[in-house]
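Working notes, beginning with the structure itself.
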Amino acid sequence: MDIKSLLHERAQVEYANWSHECDAVTVLGESPPRVFVKSDLPLLRERFTLAHEYAHIQLPWHVGTINCHINAAPASEEYSVAAVAGSQEREANEFASRLLTPDRWLSPIAKSLPSFERSAMQDALDTLASAQVSAQAGLIALSRHLLPGHAFFIDQSFAISRGTSWPGRTPLSDGEIEQYLERSIAVEEFAHQGRVIFWALTSESTEPWLPSQVNPGDDRTPHQVLISCCMRVFGDGLAKSKAMSINGVVGGLINDSDLHWHESAIISVVRRRIEAKEDLKGILADHEFAIYLEKKAQVIVQRRSSSLP
Ligand SMILES: [Zn+2]
């Protein structure tokens, strides 16, 4: 990705030197917009910064003069409920990540990783390095495409796939990382772009696949099952609105259907997302909720395979 040319087409770019903690400044009020970039940034950081400033220009709701201190870490916290501050910066990081390591390019790489296999991951990392993004930015992007259960550690930071247990707030201490690795099922160490990284597999993706809860004669739709769960847990008055909220959680996943998750991964991620919602998590205790999840995941997978060209 020739990000330099791309940015030059849309903005007036100047390199300058300053002493304060700021990688770039974008002035959006002018036409064309102006971008000031700190002149002594390391190459990969400069590339990510240019893509990040390009994001501010392309995202129409970003306005004003924006001082950017680029740090790839917030992108790894995008799914954390704790990440609230600086949504423009988070959005620009996310945009930059998807521009420099596009989903269409990464998705086949992730699919070539059949399981926890060292040589396959080594190949994936080698390919990832060709995108010319920092090791951390690359791992954050790769994690978006992996099934639940994968975690990468690099220095005091990390990147995890969705639905994977959260290692803690960065910067992580050595002890926190060690504890996490000890709890993991398997760990591999790699040298990647001049850094040492750890790749861990946690229990999420290898939990034994429970036998189906669905009776062969049960021809209820997922929605019918969900409504009866909600009536038992939340009462008749709230059942419909709670069911809609749960549908919203699942709906967010359907939008990610290019991730090609299998049914158990979908179920595991939906469970985790609902667990994080105080107003909904009561539903997890209902004896038929597992049936709803199983039926719903089947529908998602079937719909996906029938919509493929
Ligand atoms: Zn910014």
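If you're wondering about the labels, chains in the structure tokens are A, B, ... by order shown, residues count from 1 in each chain, ligands from 1 in order shown.
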Next item on the list: Kindly provide, as a PyMOL selection string, all nucleotide and amino acid residues lying within 9 Å of ligand 1, counting only C-alpha atoms and all ligand atoms.
Entry: chain A and resi 23-26+49+52-53+55-56+66-70+88-93
Okay, now the selection with C-alpha atoms, as an mmCIF file, in the first residue's frame?
data_model
loop_
_atom_site.group_PDB
_atom_site.id
_atom_site.type_symbol
_atom_site.label_atom_id
_atom_site.label_comp_id
_atom_site.auth_asym_id
_atom_site.auth_seq_id
_atom_site.Cartn_x
_atom_site.Cartn_y
_atom_site.Cartn_z
ATOM 1 C CA ASP A 23 3.248 12.442 15.728
ATOM 2 C CA ALA A 24 1.127 14.497 13.387
ATOM 3 C CA VAL A 25 -1.427 17.275 13.180
ATOM 4 C CA THR A 26 -4.244 17.362 10.663
ATOM 5 C CA THR A 49 0.679 7.749 11.062
ATOM 6 C CA HIS A 52 -4.172 7.405 10.445
ATOM 7 C CA GLU A 53 -4.186 11.022 9.183
ATOM 8 C CA ALA A 55 -8.499 8.322 7.982
ATOM 9 C CA HIS A 56 -9.247 11.680 9.628
ATOM 10 C CA ILE A 66 -6.551 17.043 15.367
ATOM 11 C CA ASN A 67 -3.343 16.426 17.273
ATOM 12 C CA CYS A 68 -2.441 12.773 16.946
ATOM 13 C CA HIS A 69 -0.268 10.716 19.194
ATOM 14 C CA ILE A 70 -0.244 7.399 17.418
ATOM 15 C CA GLN A 88 -11.909 9.757 16.666
ATOM 16 C CA GLU A 89 -8.431 8.446 17.440
ATOM 17 C CA ARG A 90 -9.708 4.876 17.806
ATOM 18 C CA GLU A 91 -11.620 5.127 14.558
ATOM 19 C CA ALA A 92 -8.579 6.500 12.752
ATOM 20 C CA ASN A 93 -6.427 3.656 14.104
#
Notebook entry, point to check: Which polymer residues have any atom within 12 Å of an atom of Glu117 (chain A), counting only C-alpha atoms, with same-chain residues fewer than 2 positions away left out, as a PyMOL selection string?
Noted result: chain A and resi 112-115+119-124+186-189+199-201
Selected residues, N, CA and C atoms, written as an mmCIF file, in the first residue's frame, please.
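out.cif written:
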data_model
loop_
_atom_site.group_PDB
_atom_site.id
_atom_site.type_symbol
_atom_site.label_atom_id
_atom_site.label_comp_id
_atom_site.auth_asym_id
_atom_site.auth_seq_id
_atom_site.Cartn_x
_atom_site.Cartn_y
_atom_site.Cartn_z
ATOM 1 N N SER A 112 -5.498 -20.046 6.256
ATOM 2 C CA SER A 112 -4.478 -21.073 6.027
ATOM 3 C C SER A 112 -3.880 -21.556 7.349
ATOM 4 N N LEU A 113 -4.404 -21.021 8.457
ATOM 5 C CA LEU A 113 -3.939 -21.462 9.780
ATOM 6 C C LEU A 113 -4.950 -22.463 10.330
ATOM 7 N N PRO A 114 -4.742 -23.752 10.065
ATOM 8 C CA PRO A 114 -5.773 -24.724 10.395
ATOM 9 C C PRO A 114 -5.983 -24.851 11.896
ATOM 10 N N SER A 115 -4.930 -24.800 12.666
ATOM 11 C CA SER A 115 -5.068 -24.978 14.105
ATOM 12 C C SER A 115 -3.842 -24.367 14.733
ATOM 13 N N SER A 119 4.497 -24.054 12.215
ATOM 14 C CA SER A 119 5.043 -23.699 10.898
ATOM 15 C C SER A 119 4.044 -22.863 10.106
ATOM 16 N N ALA A 120 2.760 -23.155 10.263
ATOM 17 C CA ALA A 120 1.745 -22.365 9.563
ATOM 18 C C ALA A 120 1.747 -20.927 10.076
ATOM 19 N N MET A 121 1.896 -20.754 11.395
ATOM 20 C CA MET A 121 1.936 -19.401 11.942
ATOM 21 C C MET A 121 3.194 -18.676 11.499
ATOM 22 N N GLN A 122 4.307 -19.407 11.419
ATOM 23 C CA GLN A 122 5.548 -18.785 10.945
ATOM 24 C C GLN A 122 5.346 -18.223 9.530
ATOM 25 N N ASP A 123 4.693 -19.008 8.672
ATOM 26 C CA ASP A 123 4.424 -18.536 7.311
ATOM 27 C C ASP A 123 3.526 -17.301 7.339
ATOM 28 N N ALA A 124 2.502 -17.344 8.198
ATOM 29 C CA ALA A 124 1.579 -16.221 8.274
ATOM 30 C C ALA A 124 2.311 -14.960 8.732
ATOM 31 N N ALA A 186 -1.506 -24.008 24.998
ATOM 32 C CA ALA A 186 -0.265 -24.143 24.241
ATOM 33 C C ALA A 186 0.315 -22.755 24.009
ATOM 34 N N VAL A 187 1.632 -22.683 23.977
ATOM 35 C CA VAL A 187 2.304 -21.401 23.768
ATOM 36 C C VAL A 187 3.464 -21.618 22.799
ATOM 37 N N GLU A 188 3.619 -20.708 21.854
ATOM 38 C CA GLU A 188 4.779 -20.760 20.960
ATOM 39 C C GLU A 188 5.457 -19.396 20.978
ATOM 40 N N GLU A 189 6.792 -19.427 20.841
ATOM 41 C CA GLU A 189 7.554 -18.184 20.821
ATOM 42 C C GLU A 189 8.119 -17.984 19.425
ATOM 43 N N TRP A 199 2.694 -16.567 21.158
ATOM 44 C CA TRP A 199 1.370 -16.889 20.624
ATOM 45 C C TRP A 199 0.766 -17.928 21.547
ATOM 46 N N ALA A 200 -0.380 -17.646 22.131
ATOM 47 C CA ALA A 200 -0.990 -18.547 23.092
ATOM 48 C C ALA A 200 -2.364 -18.974 22.613
ATOM 49 N N LEU A 201 -2.677 -20.217 22.901
ATOM 50 C CA LEU A 201 -4.018 -20.724 22.633
ATOM 51 C C LEU A 201 -4.697 -20.948 23.978
#
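Shell of Leu106 (chain A) at 10 Å, with only C-alpha atoms counted and residues fewer than 4 places along the chain excluded, is Arg98, Thr101, Pro102, Ala110, Lys111, Ala124, Thr127, Leu128, Gly138, Ala141, Leu142, Ser143, Arg144 and His145 of chain A.
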Notebook entry, point to check: Among region 31-262 of chain A, which residues carry a DSSP assignment of strand (DSSP E), reported as a count of residues only?
Noted result: 32
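When CA of Pro32 (chain A) is paired with CA of His62 (chain A), their separation reads 14.7 Å.
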Next item on the list: Determine the nearest neighbour of Asn215 (chain A) from the options A:Arg272, A:His150, A:Lys295, A:Arg162, counting only C-alpha atoms.
Entry: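 When distances to Asn215 (chain A) are compared using only C-alpha atoms, the smallest one comes from A:Lys295.
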Item checked: Arg271 (chain A) surroundings by only C-alpha atoms, 12 Å radius, close-in-sequence under 3 positions cut, as an NGL selection string -> :A and (148 or 162-164 or 204 or 246 or 249-250 or 253 or 264-268 or 274-277 or 280-285 or 289-290 or 292-294 or 297)
Checklist line | For CA of Ile185 (chain A) and CA of Phe158 (chain A), the interatomic separation in Å (one decimal) | finding: 17.3 Å
Margin query: I need the residues of region 92-155 of chain A that end up classed as helix (DSSP H, G or I) by DSSP on the backbone, written out as a ChimeraX atom specification.
Written below: /A:92-100,103-111,118-129,135-143
Give me a file of those residues, with C-alpha atoms, as a PDB file, in the first residue's frame.
ATOM      1  CA  ALA A  92      -8.579   6.500  12.752  1.00  0.00           C
ATOM      2  CA  ASN A  93      -6.427   3.656  14.104  1.00  0.00           C
ATOM      3  CA  GLU A  94      -8.980   1.080  13.023  1.00  0.00           C
ATOM      4  CA  PHE A  95      -9.230   2.666   9.566  1.00  0.00           C
ATOM      5  CA  ALA A  96      -5.427   2.780   9.231  1.00  0.00           C
ATOM      6  CA  SER A  97      -5.150  -0.851  10.247  1.00  0.00           C
ATOM      7  CA  ARG A  98      -7.719  -1.946   7.655  1.00  0.00           C
ATOM      8  CA  LEU A  99      -6.065   0.188   4.979  1.00  0.00           C
ATOM      9  CA  LEU A 100      -2.538  -1.137   5.539  1.00  0.00           C
ATOM     10  CA  ASP A 103      -9.345  -7.800   5.292  1.00  0.00           C
ATOM     11  CA  ARG A 104      -9.360  -9.272   1.784  1.00  0.00           C
ATOM     12  CA  TRP A 105      -5.620  -9.777   1.988  1.00  0.00           C
ATOM     13  CA  LEU A 106      -5.557 -11.065   5.564  1.00  0.00           C
ATOM     14  CA  SER A 107      -8.565 -13.350   5.481  1.00  0.00           C
ATOM     15  CA  PRO A 108      -6.950 -16.039   3.249  1.00  0.00           C
ATOM     16  CA  ILE A 109      -3.800 -15.904   5.390  1.00  0.00           C
ATOM     17  CA  ALA A 110      -5.840 -16.514   8.531  1.00  0.00           C
ATOM     18  CA  LYS A 111      -7.759 -19.318   6.836  1.00  0.00           C
ATOM     19  CA  ARG A 118       3.897 -23.489  14.508  1.00  0.00           C
ATOM     20  CA  SER A 119       5.043 -23.699  10.898  1.00  0.00           C
ATOM     21  CA  ALA A 120       1.745 -22.365   9.563  1.00  0.00           C
ATOM     22  CA  MET A 121       1.936 -19.401  11.942  1.00  0.00           C
ATOM     23  CA  GLN A 122       5.548 -18.785  10.945  1.00  0.00           C
ATOM     24  CA  ASP A 123       4.424 -18.536   7.311  1.00  0.00           C
ATOM     25  CA  ALA A 124       1.579 -16.221   8.274  1.00  0.00           C
ATOM     26  CA  LEU A 125       3.932 -13.952  10.214  1.00  0.00           C
ATOM     27  CA  ASP A 126       6.391 -13.816   7.324  1.00  0.00           C
ATOM     28  CA  THR A 127       3.597 -12.737   4.995  1.00  0.00           C
ATOM     29  CA  LEU A 128       2.329 -10.257   7.554  1.00  0.00           C
ATOM     30  CA  ALA A 129       5.750  -8.609   7.709  1.00  0.00           C
ATOM     31  CA  ALA A 135       4.679  -6.018  14.614  1.00  0.00           C
ATOM     32  CA  GLN A 136       1.913  -4.983  16.976  1.00  0.00           C
ATOM     33  CA  ALA A 137      -0.285  -3.366  14.334  1.00  0.00           C
ATOM     34  CA  GLY A 138       0.093  -6.497  12.181  1.00  0.00           C
ATOM     35  CA  LEU A 139      -0.838  -8.839  15.022  1.00  0.00           C
ATOM     36  CA  ILE A 140      -3.882  -6.746  15.927  1.00  0.00           C
ATOM     37  CA  ALA A 141      -5.030  -7.010  12.315  1.00  0.00           C
ATOM     38  CA  LEU A 142      -4.369 -10.758  12.129  1.00  0.00           C
ATOM     39  CA  SER A 143      -6.226 -11.342  15.412  1.00  0.00           C
TER      40      SER A 143
END
Next item on the list: Write out as a list in words each polymer residue whose atoms come within 9 Å of Lys242 (chain A), counting only C-alpha atoms; drop sequence neighbours fewer than 2 positions from it.
Entry: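 Skipping anything fewer than 2 positions along the chain leaves Ile227, Cys230, Phe234, Leu238, Ala239, Lys240, Met244, Ser245, Ile246, Asn247, Asp279 and Leu280 of chain A.
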Item checked: Among listed residues A:Val133, A:Val27, A:Val233, A:Val196, nearest Phe152 (chain A) (using only C-alpha atoms) ->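 Closest candidate: A:Val196.
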Next item on the list: Mind giving me the straight-line distance from CA of Gln156 (chain A) to CA of Ile177 (chain A) in Å, one decimal?
Entry: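 According to the coordinates, CA of Gln156 (chain A) and CA of Ile177 (chain A) are separated by 8.1 Å.
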